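What follows is a set of notes on a single structure, which appears directly below.
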Amino acid sequence: MLAEILTGLSGLTEGVQFLFTLGGLKNVVMLLIAGVLLYLGVKKEVEPLLLVPIGFGCLLANIPMSELMHQGIDTGARQVFEIIGTPDAAKALMKEDTGFLRSIYNAGIANELFPLLIFIGIGAMTDFGPLLENPKILLFGAAGQCGIFLTLLLALALGFPHLQAVSIAIIGACDGPTAIYVASQYAPELLGPISVAAYSYMALVPIIQPPIMKALTTHKERTTHMPKVKRTVSPTVKVVFPIVVTIVTGLIAPKGLPLMGAIMLGNFMREAGVVARLTKASENEIANIATLFLGIAIGATMGAEAFLKPTTLTIFALGFVAICLDTVVGVLFGKLWYLLSGGKINPLIGAAGISAYPMAARVVQTQGQRYDKHNFLLMHAMGANTGGQIGSVAAAAVMLSVLKGMGLI
Amino acid sequence: MDKLAFGVTMMVIGIGGTFFTLAILIWSIQLLKKLFPLTAEDGGKSKQS
């Protein structure tokens, strides 16, 4: 009788006992990291929409013996095993169910669905008007992606395999869904650190960019005024634009079509104006639900064994370098344009050529006004920033298509 | 493929391809603006965006 009671009690104490083992110590560290993520999200409001679910997902995944990320055998496989007949050991395995977090992961990360749903919402929220008024500013969106490719070289030099290096470099897109989309396909083992780095640095753009912008520009350049943006774009152009972008980028870089197609579908619905309910749902309910599950599933990938490695710190360092390099190249490109245009372009705009929308544009506006209170750069910066959104997806699409051309994917 | 060749190839084609793609888009937007100009019905040319 006593033996039965003790055996029964062991079911209640297994988790606590595990925490006091060497393996359990790693879980304790991860629970602390989950606490830090939740603190940053809740108390400091650093990307709370992402860090709160990521932090809680990390918390759930690191409670010992919970098996929430356990991969069971699906119904189809069970039926096959029953037909062909299986030994007892296999029958025992067949009884294991897929964990709650693994189900969410399989439902939307493993098949890339959640990032794409979020992209539909982003497209529905984005006004490409300022970009369409001055389309040449789209080139800032290309310059702002150079950090991706420079970081790729660094990651390769540090010994990362080809596809891991590509996935790490994509942090430089400054675009969470794109980073998740690429990492989930080509380096799922690094998904946790890459996602957390991508979203953390996006939130830190107002801290990372200003010193670089100041260091690379003169006072005269920073105080350059740009003419007010005048409305020259018809509603028809705004409606046709997403279709043209989808076709052009789809033809050049078809591997990135899901990303570009999703963002442009959202934008087409917004500009067409005839599906207000769908647009509203895309930018609210659908994007919110996808964000919640995406965050939880990413947090769930932050298991102790996968996350507590030296490579995690390297990934964070490379992500930081990528975003710094994006800003450096963007501002230098702005300086070149300033020279070529005879001083008509404020080089600070170059810093907005990344995908962190609208944060990067606000940083440019704030920095412009810091040196001249009468300088209004916001609309131009918004143009460059939306260009950065297209540029980041285009860069990822080009990268994936080149990888396919090389036969690596 | 060795890492140096891979990295340089990705950088050259990646940056070049991104600029090329966006340059085509710029040209496309300019063409669209010519094909569908802003008319008086749309609100005129002097409004702020």
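Every chain in the structure tokens takes a letter, A first, then B, and so on in the order presented; its residues are numbered from 1, and the ligands are numbered from 1 following the presented order.
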
Residues of chain A within 7 Å of chain B, counting only C-alpha atoms, as number ranges by chain = A: 130, 132, 135-136, 138-139, 142, 146, 149, 152-153, 156, 229-234, 236-237, 245, 249, 391, 394-395, 398-399

* Nearby residues (only C-alpha atoms) at most 9 Å from Val329 (chain A), same-chain spacing under 3 positions excluded, as a list in words -> Ala143, Gly144, Gln145, Cys146, Gly147, Cys324, Leu325, Asp326, Leu332, Phe333, Gly334, Gly350 and Ala351 of chain A

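Closest to Ile207 (chain A) among A:Val36, A:Ile323, A:Ala396, A:Leu22 is A:Ile323, based on only C-alpha atoms.
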
> Which neighbours of region 49-51 of chain A fall inside 12 Å, counting only C-alpha atoms, when residues of the same chain fewer than 4 positions from it are skipped, and could you give them as a ChimeraX atom specification?
Replying inline: /A:33-45,55-59,118,176-177,192,195-200,202-203,287-299

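The residue that comes closest to Val364 (chain A), out of A:Leu60, A:Arg222, A:Ala281, A:Val52 and on the basis of only C-alpha atoms, is A:Arg222.
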
Open item on the list: Quick one: residues within 10 Å of Asp372 (chain A), only C-alpha atoms, excluding same-chain residues fewer than 2 positions away - as a count of residues only?
Closed with: 13
